[in-house]
>>> print(open('my_file.tsv').read())   # TSV, C-alpha atoms
chain	number	residue	atom	x	y	z
A	1245	MET	CA	-104.17	-108.66	-68.96
A	1246	GLN	CA	-104.47	-110.97	-71.93
A	1247	GLU	CA	-107.98	-109.71	-72.67
A	1248	ARG	CA	-106.52	-106.26	-73.29
A	1249	GLY	CA	-104.10	-107.68	-75.82
A	1250	VAL	CA	-101.12	-107.75	-73.51
A	1251	VAL	CA	-99.47	-111.13	-73.21
A	1252	ALA	CA	-98.32	-111.86	-69.69
A	1253	MET	CA	-94.59	-112.68	-69.72
A	1254	LYS	CA	-93.55	-115.75	-67.82
A	1255	ARG	CA	-90.87	-114.90	-65.29
A	1256	ALA	CA	-87.44	-116.40	-66.00
A	1257	TYR	CA	-85.75	-117.53	-62.82
A	1258	ALA	CA	-82.05	-117.61	-62.11
A	1259	ASP	CA	-79.81	-119.05	-59.45
A	1260	LEU	CA	-76.51	-117.20	-59.38
A	1261	HIS	CA	-74.83	-119.48	-56.86
A	1262	LEU	CA	-75.05	-123.15	-57.71
A	1263	CYS	CA	-72.04	-125.01	-56.37
A	1264	LEU	CA	-70.93	-127.82	-58.64
A	1265	ASN	CA	-67.94	-130.10	-58.50
A	1266	VAL	CA	-66.45	-129.89	-61.98
A	1267	LYS	CA	-64.59	-133.17	-61.45
A	1268	ASP	CA	-67.80	-135.12	-60.77
A	1269	ALA	CA	-69.46	-135.15	-64.19
A	1270	ALA	CA	-72.43	-137.31	-63.17
A	1271	GLY	CA	-73.17	-135.26	-60.07
A	1272	MET	CA	-72.85	-132.06	-62.05
A	1273	LEU	CA	-75.33	-133.30	-64.65
A	1274	ARG	CA	-77.80	-134.38	-61.95
A	1275	MET	CA	-77.64	-130.99	-60.25
A	1276	VAL	CA	-78.09	-129.05	-63.47
A	1277	ASN	CA	-80.98	-131.25	-64.57
A	1278	LYS	CA	-82.59	-130.81	-61.19
A	1279	ALA	CA	-82.23	-127.03	-61.44
A	1280	ALA	CA	-83.87	-127.15	-64.87
A	1281	THR	CA	-86.70	-129.36	-63.56
A	1282	LEU	CA	-87.32	-126.98	-60.68
A	1283	GLY	CA	-87.82	-124.13	-63.12
A	1284	TYR	CA	-84.52	-122.27	-63.41
A	1285	ARG	CA	-83.54	-120.83	-66.77
A	1286	LEU	CA	-80.10	-119.59	-65.76
A	1287	VAL	CA	-77.50	-120.83	-63.32
A	1288	ALA	CA	-74.18	-119.26	-62.40
A	1289	VAL	CA	-71.54	-121.64	-61.15
A	1290	PRO	CA	-68.53	-120.40	-59.21
A	1291	VAL	CA	-65.25	-121.61	-60.62
A	1292	ALA	CA	-61.70	-121.03	-59.48
A	1293	ALA	CA	-60.06	-117.85	-60.79
A	1294	GLU	CA	-57.46	-120.05	-62.49
A	1295	ALA	CA	-60.04	-122.41	-63.98
A	1296	ARG	CA	-59.10	-123.79	-67.36
A	1297	VAL	CA	-61.12	-122.77	-70.38
A	1298	ASP	CA	-62.13	-126.40	-71.00
A	1299	GLU	CA	-63.65	-126.65	-67.50
A	1300	VAL	CA	-65.89	-123.67	-68.15
A	1301	ALA	CA	-66.71	-125.02	-71.62
A	1302	LYS	CA	-67.69	-128.36	-70.05
A	1303	LEU	CA	-70.00	-126.62	-67.60
A	1304	ARG	CA	-71.54	-124.62	-70.41
A	1305	GLU	CA	-72.10	-127.81	-72.40
A	1306	VAL	CA	-73.75	-129.63	-69.48
A	1307	CYS	CA	-76.09	-126.69	-68.91
A	1308	SER	CA	-76.86	-126.46	-72.59
A	1309	GLU	CA	-77.81	-130.16	-72.66
A	1310	ALA	CA	-80.20	-129.55	-69.78
A	1311	GLY	CA	-81.70	-126.60	-71.66
A	1312	ILE	CA	-80.50	-124.04	-69.17
A	1313	ASP	CA	-78.38	-120.93	-69.58
A	1314	PHE	CA	-74.96	-120.84	-67.92
A	1315	ALA	CA	-73.03	-117.90	-66.52
A	1316	SER	CA	-69.46	-118.13	-65.28
A	1317	ARG	CA	-68.86	-116.76	-61.82
A	1318	VAL	CA	-65.82	-116.18	-59.68
A	1319	ASP	CA	-65.79	-115.64	-55.92
A	1320	LEU	CA	-63.04	-113.32	-54.71
A	1321	ARG	CA	-61.78	-113.37	-51.14
A	1322	PRO	CA	-59.23	-110.54	-51.02
A	1323	ARG	CA	-57.58	-109.45	-47.77
A	1324	THR	CA	-56.96	-105.84	-48.73
A	1325	PRO	CA	-58.61	-103.28	-51.08
A	1326	ASN	CA	-55.47	-103.28	-53.23
A	1327	GLU	CA	-55.61	-107.04	-53.63
A	1328	LEU	CA	-59.26	-106.71	-54.63
A	1329	MET	CA	-58.42	-104.14	-57.32
A	1330	ARG	CA	-55.61	-106.33	-58.67
A	1331	GLN	CA	-57.96	-109.32	-58.88
A	1332	LEU	CA	-60.68	-107.26	-60.54
A	1333	ARG	CA	-58.25	-105.94	-63.17
A	1334	ARG	CA	-57.16	-109.50	-63.94
A	1335	LEU	CA	-60.55	-111.24	-63.88
A	1336	ARG	CA	-63.29	-108.79	-64.85
A	1337	ARG	CA	-63.00	-109.51	-68.56
A	1338	LYS	CA	-63.03	-113.28	-68.01
A	1339	PHE	CA	-66.17	-113.87	-65.93
A	1340	GLU	CA	-69.81	-112.91	-66.26
A	1341	VAL	CA	-70.42	-112.60	-62.53
A	1342	ILE	CA	-67.96	-111.43	-59.90
A	1343	CYS	CA	-68.81	-111.88	-56.24
A	1344	VAL	CA	-66.69	-110.49	-53.43
A	1345	ASN	CA	-66.73	-112.25	-50.08
A	1346	CYS	CA	-66.14	-109.33	-47.75
A	1347	GLU	CA	-63.94	-110.55	-44.93
A	1348	ASN	CA	-63.10	-107.10	-43.54
A	1349	LYS	CA	-64.56	-103.62	-43.61
A	1350	ALA	CA	-61.97	-102.03	-45.92
A	1351	VAL	CA	-62.59	-104.70	-48.57
A	1352	ALA	CA	-66.36	-104.40	-48.11
A	1353	ARG	CA	-66.26	-100.64	-48.68
A	1354	GLN	CA	-64.02	-100.91	-51.74
A	1355	ALA	CA	-66.17	-103.70	-53.20
A	1356	ALA	CA	-69.36	-101.69	-52.71
A	1357	LYS	CA	-68.08	-98.65	-54.58
A	1358	ASP	CA	-66.25	-100.48	-57.36
A	1359	ARG	CA	-68.48	-100.75	-60.43
A	1360	ARG	CA	-66.76	-103.95	-61.53
A	1361	VAL	CA	-68.21	-105.86	-58.56
A	1362	ASP	CA	-71.58	-107.55	-59.11
A	1363	LEU	CA	-72.35	-109.21	-55.81
A	1364	LEU	CA	-71.46	-108.56	-52.19
A	1365	ASN	CA	-71.44	-111.58	-49.91
A	1366	PHE	CA	-70.76	-111.56	-46.17
A	1367	PRO	CA	-69.61	-114.25	-43.73
A	1368	LEU	CA	-72.62	-116.27	-42.65
A	1369	LEU	CA	-71.82	-117.14	-39.10
A	1370	ASP	CA	-69.49	-114.40	-38.00
A	1371	PHE	CA	-72.10	-111.74	-37.33
A	1372	HIS	CA	-69.51	-109.12	-36.37
A	1373	ARG	CA	-68.15	-109.28	-39.90
A	1374	ARG	CA	-71.40	-108.67	-41.70
A	1375	PHE	CA	-70.54	-105.16	-42.82
A	1376	PHE	CA	-73.70	-104.35	-44.71
A	1377	ASP	CA	-74.67	-101.20	-42.85
A	1378	ARG	CA	-76.00	-97.84	-44.04
A	1379	ALA	CA	-72.56	-96.62	-45.18
A	1380	GLU	CA	-72.02	-99.79	-47.20
A	1381	ALA	CA	-75.50	-99.49	-48.73
A	1382	GLU	CA	-74.87	-95.85	-49.67
A	1383	LEU	CA	-71.69	-96.88	-51.53
A	1384	ALA	CA	-73.41	-99.85	-53.17
A	1385	ARG	CA	-76.23	-97.61	-54.39
A	1386	ASN	CA	-73.74	-95.46	-56.29
A	1387	GLY	CA	-71.94	-98.53	-57.60
A	1388	LEU	CA	-73.57	-101.49	-59.28
A	1389	ALA	CA	-73.17	-104.15	-56.60
A	1390	ALA	CA	-76.12	-106.14	-55.30
A	1391	LEU	CA	-76.41	-107.82	-51.93
A	1392	GLU	CA	-76.35	-111.59	-52.29
A	1393	ILE	CA	-78.20	-113.75	-49.79
A	1394	ASP	CA	-77.69	-117.51	-49.87
A	1395	VAL	CA	-80.56	-119.62	-48.56
A	1396	ARG	CA	-78.37	-122.64	-47.77
A	1397	PRO	CA	-77.59	-121.56	-44.18
A	1398	LEU	CA	-81.29	-121.09	-43.52
A	1399	LEU	CA	-81.77	-124.74	-44.44
A	1400	VAL	CA	-78.81	-126.23	-42.61
A	1401	LEU	CA	-78.66	-124.09	-39.46
A	1402	GLU	CA	-80.95	-124.59	-36.52
A	1403	GLY	CA	-81.77	-122.94	-33.23
A	1404	PRO	CA	-80.00	-119.79	-32.00
A	1405	GLU	CA	-77.62	-119.65	-34.97
A	1406	ARG	CA	-80.52	-119.48	-37.44
A	1407	VAL	CA	-82.29	-116.94	-35.26
A	1408	ARG	CA	-79.21	-114.69	-35.25
A	1409	LEU	CA	-78.74	-115.09	-38.98
A	1410	LEU	CA	-82.38	-114.21	-39.65
A	1411	SER	CA	-82.08	-111.19	-37.43
A	1412	SER	CA	-78.99	-109.97	-39.33
A	1413	LEU	CA	-80.64	-110.62	-42.67
A	1414	GLN	CA	-83.79	-108.74	-41.67
A	1415	ARG	CA	-81.68	-105.72	-40.75
A	1416	GLU	CA	-79.63	-105.89	-43.95
A	1417	VAL	CA	-82.69	-106.31	-46.18
A	1418	ALA	CA	-84.33	-103.30	-44.56
A	1419	ILE	CA	-81.19	-101.20	-45.18
A	1420	ALA	CA	-80.93	-102.43	-48.78
A	1421	GLY	CA	-84.57	-101.49	-49.35
A	1422	GLU	CA	-84.04	-98.03	-47.90
A	1423	PHE	CA	-81.06	-97.36	-50.18
A	1424	HIS	CA	-82.51	-99.17	-53.23
A	1425	VAL	CA	-79.67	-101.66	-53.36
A	1426	PRO	CA	-80.74	-104.69	-55.41
A	1427	ILE	CA	-80.95	-108.00	-53.58
A	1428	VAL	CA	-80.16	-111.34	-55.20
A	1429	VAL	CA	-81.37	-114.50	-53.47
A	1430	SER	CA	-79.27	-117.52	-54.43
A	1431	SER	CA	-79.20	-121.11	-53.30
A	1432	GLY	CA	-75.49	-121.61	-52.55
A	1433	VAL	CA	-76.09	-125.35	-52.36
A	1434	ALA	CA	-74.02	-128.26	-53.57
A	1435	ARG	CA	-76.54	-131.04	-52.89
A	1436	GLU	CA	-79.60	-131.90	-54.96
A	1437	LEU	CA	-82.02	-132.22	-52.06
A	1438	LEU	CA	-81.15	-128.75	-50.84
A	1439	LEU	CA	-82.16	-127.18	-54.13
A	1440	ARG	CA	-85.46	-125.33	-53.92
A	1441	LYS	CA	-87.90	-124.06	-56.52
A	1442	PRO	CA	-87.66	-120.32	-57.24
A	1443	ARG	CA	-91.01	-119.73	-55.53
A	1444	GLU	CA	-89.78	-121.66	-52.51
A	1445	MET	CA	-86.70	-119.45	-52.41
A	1446	ALA	CA	-89.05	-116.48	-52.46
A	1447	ALA	CA	-91.02	-118.07	-49.61
A	1448	LEU	CA	-87.81	-118.38	-47.61
A	1449	ALA	CA	-87.02	-114.75	-48.38
A	1450	PHE	CA	-90.30	-113.92	-46.63
A	1451	LEU	CA	-88.47	-114.95	-43.42
A	1452	PHE	CA	-86.06	-112.06	-43.71
A	1453	GLY	CA	-88.63	-109.48	-44.62
A	1454	LEU	CA	-88.90	-109.47	-48.41
A	1455	ASP	CA	-92.45	-109.20	-49.68
A	1456	GLU	CA	-93.55	-111.57	-52.44
A	1457	ALA	CA	-92.92	-109.20	-55.35
A	1458	SER	CA	-89.43	-108.20	-54.15
A	1459	ALA	CA	-88.55	-111.81	-53.37
A	1460	LEU	CA	-89.55	-112.97	-56.85
A	1461	GLU	CA	-87.57	-110.10	-58.33
A	1462	ALA	CA	-84.56	-111.21	-56.28
A	1463	VAL	CA	-84.62	-114.66	-57.91
A	1464	SER	CA	-85.32	-113.40	-61.41
A	1465	GLU	CA	-84.96	-109.82	-62.73
A	1466	SER	CA	-82.14	-108.74	-60.39
A	1467	ALA	CA	-80.04	-111.76	-61.29
A	1468	TRP	CA	-80.74	-111.49	-65.03
A	1469	ALA	CA	-79.90	-107.78	-64.96
A	1470	ILE	CA	-76.40	-108.52	-63.66
A	1471	VAL	CA	-75.72	-111.23	-66.22
A	1472	GLY	CA	-77.23	-109.21	-69.07
A	1473	ARG	CA	-75.19	-106.12	-68.21
A	1474	ASN	CA	-71.94	-108.08	-68.07
A	1475	ARG	CA	-72.63	-110.03	-71.23
A	1476	GLY	CA	-73.11	-106.72	-72.98
A	1477	LYS	CA	-69.77	-105.49	-71.65
A	1478	LEU	CA	-67.97	-108.71	-72.54
A	1479	SER	CA	-69.29	-108.75	-76.10
A	1480	ALA	CA	-67.01	-107.68	-78.93
A	1481	LYS	CA	-69.37	-104.80	-79.75
A	1482	PHE	CA	-68.89	-103.07	-76.42
A	1483	VAL	CA	-66.68	-99.98	-76.56
A	1484	ALA	CA	-67.37	-98.07	-73.35
A	1485	PRO	CA	-70.38	-97.58	-71.06
A	1486	GLY	CA	-73.11	-96.19	-73.32
A	1487	ILE	CA	-71.13	-96.78	-76.52
A	1488	ARG	CA	-71.29	-99.93	-78.59
A	1489	VAL	CA	-70.78	-100.87	-82.19
A	1490	VAL	CA	-74.13	-101.06	-83.94
A	1491	ARG	CA	-72.93	-101.53	-87.52
A	1492	GLU	CA	-69.60	-102.03	-89.23
A	1493	GLY	CA	-68.70	-101.58	-92.90
A	1494	LYS	CA	-67.65	-99.12	-95.53
A	1495	ASP	CA	-70.99	-97.32	-95.59
A	1496	CYS	CA	-70.73	-96.27	-91.93
B	1073	MET	CA	-118.58	-115.56	-37.43
B	1074	ARG	CA	-116.67	-115.10	-40.68
B	1075	ARG	CA	-115.80	-118.18	-42.70
B	1076	VAL	CA	-112.10	-118.99	-42.68
B	1077	LYS	CA	-110.69	-118.97	-46.20
B	1078	ARG	CA	-108.52	-121.94	-47.01
B	1079	ARG	CA	-105.96	-122.95	-49.53
B	1080	TYR	CA	-105.02	-126.42	-50.72
B	1081	LEU	CA	-101.41	-127.16	-51.57
B	1082	ALA	CA	-100.30	-130.04	-53.75
B	1083	LEU	CA	-96.93	-131.28	-52.49
B	1084	TRP	CA	-94.26	-133.53	-53.87
B	1085	VAL	CA	-91.95	-135.21	-51.37
B	1086	ASP	CA	-88.52	-135.55	-52.94
B	1087	SER	CA	-86.68	-138.15	-50.88
B	1088	GLU	CA	-84.86	-141.42	-51.23
B	1089	GLY	CA	-87.20	-143.37	-48.97
B	1090	VAL	CA	-90.99	-143.32	-48.84
B	1091	PRO	CA	-92.14	-141.57	-45.68
B	1092	SER	CA	-95.41	-142.64	-44.09
B	1093	ARG	CA	-98.37	-140.28	-43.73
B	1094	LYS	CA	-97.56	-139.67	-40.09
B	1095	GLU	CA	-93.87	-139.04	-40.77
B	1096	LEU	CA	-94.75	-136.47	-43.42
B	1097	ILE	CA	-97.23	-134.51	-41.32
B	1098	ASP	CA	-94.84	-134.65	-38.36
B	1099	ALA	CA	-92.09	-133.15	-40.52
B	1100	VAL	CA	-94.43	-130.34	-41.63
B	1101	TRP	CA	-95.57	-129.59	-38.07
B	1102	ASN	CA	-91.95	-129.64	-36.86
B	1103	ALA	CA	-90.90	-127.17	-39.54
B	1104	VAL	CA	-93.78	-124.79	-38.77
B	1105	THR	CA	-93.17	-125.00	-35.03
B	1106	LYS	CA	-89.42	-124.45	-35.41
B	1107	LEU	CA	-89.89	-121.33	-37.49
B	1108	TYR	CA	-92.98	-119.76	-35.92
B	1109	GLY	CA	-93.42	-121.45	-32.55
B	1110	GLU	CA	-96.48	-123.17	-31.16
B	1111	HIS	CA	-98.63	-120.06	-31.32
B	1112	GLY	CA	-97.77	-119.51	-34.99
B	1113	ALA	CA	-98.43	-123.16	-35.78
B	1114	SER	CA	-101.84	-122.99	-34.10
B	1115	LEU	CA	-102.93	-120.29	-36.58
B	1116	THR	CA	-102.24	-122.36	-39.68
B	1117	SER	CA	-105.22	-124.80	-39.53
B	1118	LEU	CA	-102.87	-127.33	-41.07
B	1119	ALA	CA	-104.32	-130.69	-42.17
B	1120	LEU	CA	-103.04	-133.43	-44.44
B	1121	ILE	CA	-105.99	-134.20	-46.71
B	1122	ASP	CA	-104.50	-136.81	-48.97
B	1123	TYR	CA	-101.22	-138.65	-49.39
B	1124	ASP	CA	-100.24	-140.88	-52.28
B	1125	LEU	CA	-97.39	-143.13	-51.16
B	1126	GLU	CA	-96.55	-144.29	-54.67
B	1127	GLY	CA	-96.27	-140.89	-56.29
B	1128	LYS	CA	-95.05	-139.30	-53.04
B	1129	THR	CA	-97.57	-136.51	-53.54
B	1130	ALA	CA	-99.81	-135.01	-50.90
B	1131	VAL	CA	-102.56	-132.45	-50.48
B	1132	LEU	CA	-102.29	-130.12	-47.53
B	1133	ARG	CA	-104.94	-127.71	-46.30
B	1134	VAL	CA	-103.98	-124.42	-44.64
B	1135	SER	CA	-105.70	-121.16	-43.82
B	1136	LEU	CA	-105.20	-118.45	-46.45
B	1137	ALA	CA	-103.79	-116.05	-43.84
B	1138	SER	CA	-100.97	-118.46	-43.04
B	1139	LEU	CA	-100.13	-119.49	-46.60
B	1140	GLY	CA	-96.82	-117.56	-46.72
B	1141	LEU	CA	-95.85	-118.92	-43.35
B	1142	VAL	CA	-96.54	-122.52	-44.37
B	1143	ARG	CA	-94.76	-122.14	-47.72
B	1144	ALA	CA	-91.63	-120.88	-45.94
B	1145	SER	CA	-91.84	-123.74	-43.46
B	1146	LEU	CA	-92.25	-126.33	-46.22
B	1147	ALA	CA	-89.22	-124.91	-48.04
B	1148	SER	CA	-87.18	-125.22	-44.84
B	1149	ILE	CA	-87.77	-128.98	-44.52
B	1150	THR	CA	-84.52	-130.85	-45.13
B	1151	SER	CA	-85.37	-134.24	-43.70
B	1152	VAL	CA	-88.40	-136.46	-43.24
B	1153	ALA	CA	-88.23	-139.38	-40.83
B	1154	GLY	CA	-84.48	-139.02	-40.46
B	1155	SER	CA	-83.62	-139.23	-44.15
B	1156	GLU	CA	-82.72	-136.29	-46.35
B	1157	ALA	CA	-85.73	-134.88	-48.20
B	1158	ALA	CA	-87.24	-131.80	-49.79
B	1159	VAL	CA	-90.92	-130.91	-49.98
B	1160	HIS	CA	-91.86	-129.00	-53.12
B	1161	VAL	CA	-95.14	-127.18	-53.70
B	1162	LEU	CA	-96.60	-128.19	-57.07
B	1163	ALA	CA	-99.72	-126.04	-57.03
B	1164	VAL	CA	-101.93	-123.97	-54.77
B	1165	SER	CA	-105.67	-123.58	-55.11
B	1166	GLY	CA	-108.83	-122.61	-53.27
B	1167	THR	CA	-110.61	-125.94	-53.82
B	1168	ILE	CA	-109.46	-129.51	-54.19
B	1169	LYS	CA	-111.30	-129.74	-57.51
B	1170	ALA	CA	-109.42	-126.77	-58.96
B	1171	LEU	CA	-106.17	-128.09	-57.55
B	1172	THR	CA	-106.63	-131.40	-59.34
B	1173	ARG	CA	-107.51	-129.58	-62.55
B	1174	LYS	CA	-104.45	-127.37	-62.21
B	1175	LEU	CA	-102.15	-130.35	-61.72
B	1176	ARG	CA	-103.60	-132.15	-64.74
B	1177	GLY	CA	-103.42	-129.01	-66.85
B	1178	ASN	CA	-99.79	-128.35	-66.00
B	1179	GLY	CA	-98.84	-131.98	-66.48
B	1180	LYS	CA	-97.05	-131.82	-63.16
B	1181	ARG	CA	-96.30	-134.91	-61.17
>>> encode(input="my_file.tsv", output="structure tokens")
Amino acid sequence: MQERGVVAMKRAYADLHLCLNVKDAAGMLRMVNKAATLGYRLVAVPVAAEARVDEVAKLREVCSEAGIDFASRVDLRPRTPNELMRQLRRLRRKFEVICVNCENKAVARQAAKDRRVDLLNFPLLDFHRRFFDRAEAELARNGLAALEIDVRPLLVLEGPERVRLLSSLQREVAIAGEFHVPIVVSSGVARELLLRKPREMAALAFLFGLDEASALEAVSESAWAIVGRNRGKLSAKFVAPGIRVVREGKDC
Amino acid sequence: MRRVKRRYLALWVDSEGVPSRKELIDAVWNAVTKLYGEHGASLTSLALIDYDLEGKTAVLRVSLASLGLVRASLASITSVAGSEAAVHVLAVSGTIKALTRKLRGNGKR
């Protein structure tokens, strides 16, 4: 590639689900440094919907010190579609990543079709409530939501539970592939020794049927696309989808 | 008979304690067996070539065909000899010489 004058771009990896305890400054710093050492360029940390501005600023500062990009994330756990819409109206302009934990089918369907939702997450151990089926994928394809898969349960579960989880994930990944729904593979971990390198995350994704290229995309481009899209929308220059301020002044 | 192609993996054991050579290879075999069963493990041609206790780095040999399988198994290791640990892959190469060169070149531990 380089011989032909094309410089190969190094892939920038992202972990959209790094769980940090904002009250434990030392632990937070250790985790962020570890993520940077392992090769991540962006981490998204879930914070409470009512998180104070200074908490988010502190997280941003810690990440900046470690030389890593930070994205704010909120995890919603609504019980009804109406509650989901209310939360989205209130929070969409405040966070860069919005993930919906789909506890029932009505919420899952609403989340999949709502273009303000970035990530769909499903209960890990309750296999009857993993609603990512063909109908859900069809809705997600027309929306903007991606399917998020955390690798933490693959590390902590053992035996039949892990087998059942892998089986569900294999089915969901196949459906997502069929309907071209993006997949984001995140860590979802809160402990340093459970953090894995991006390539190791991709290797774990191999267990649920993602090939190497798709798995690497799931820990890089897919995640960056979500953050990039939302940063564009949250910027002062955004007017409406497809319209943004390019130049301001009297000569315009 | 066709020659079996191999790959060498440089590993870094991230743990609080210092596991022995036997404890490390046992942890790797356990992980492979748990994920792929005894038949799957038998196809890997797994062998621990070198282990540096001080730097907690190791060189593992596997068959090329089972590289993905072994990488997934290594990533799934959460404990070695009863204490919490992670095994990270630093580099992969076709020969030990190239692996050493790669590690030096990247300045990796």
>>> interface_residues(input="my_file.tsv", of="chain B", to="chain A", cutoff="9 Å", atoms="only C-alpha atoms", output="MDAnalysis selection string")
chainID B and resid 1086:1087 1106:1107 1140:1150 1156:1161
>>> residues_around(input="my_file.tsv", residues="stretch 1112-1119 of chain B", least_positions_apart="2", cutoff="7 Å", atoms="only C-alpha atoms", output="JSON, numbers by chain")
{"B": [1104, 1105, 1108, 1109, 1110, 1121, 1132, 1133, 1134, 1135, 1138]}
>>> atom_distance(input="my_file.tsv", atom1="atom CA of A:Leu1260", atom2="atom CA of A:Ser1464")
9.8 Å
>>> atom_distance(input="my_file.tsv", atom1="atom CA of A:Val1483", atom2="atom CA of A:Arg1336")
15.0 Å
>>> residues_near_point(input="my_file.tsv", point="(-89.3, -114.3, -68.6)", cutoff="10 Å", atoms="all atoms listed in the file", output="MDAnalysis selection string")
chainID A and resid 1252:1257 1285 1464:1465 1468
>>> write_last_selection(input="my_file.tsv", atoms="C-alpha atoms", output="PDB file, in the frame of the given file")
ATOM      1  CA  ALA A1252     -98.320-111.860 -69.690  1.00  0.00           C
ATOM      2  CA  MET A1253     -94.590-112.680 -69.720  1.00  0.00           C
ATOM      3  CA  LYS A1254     -93.550-115.750 -67.820  1.00  0.00           C
ATOM      4  CA  ARG A1255     -90.870-114.900 -65.290  1.00  0.00           C
ATOM      5  CA  ALA A1256     -87.440-116.400 -66.000  1.00  0.00           C
ATOM      6  CA  TYR A1257     -85.750-117.530 -62.820  1.00  0.00           C
ATOM      7  CA  ARG A1285     -83.540-120.830 -66.770  1.00  0.00           C
ATOM      8  CA  SER A1464     -85.320-113.400 -61.410  1.00  0.00           C
ATOM      9  CA  GLU A1465     -84.960-109.820 -62.730  1.00  0.00           C
ATOM     10  CA  TRP A1468     -80.740-111.490 -65.030  1.00  0.00           C
TER      11      TRP A1468
END
>>> atom_distance(input="my_file.tsv", atom1="atom CA of A:Leu1391", atom2="atom CA of A:Leu1363")
5.8 Å
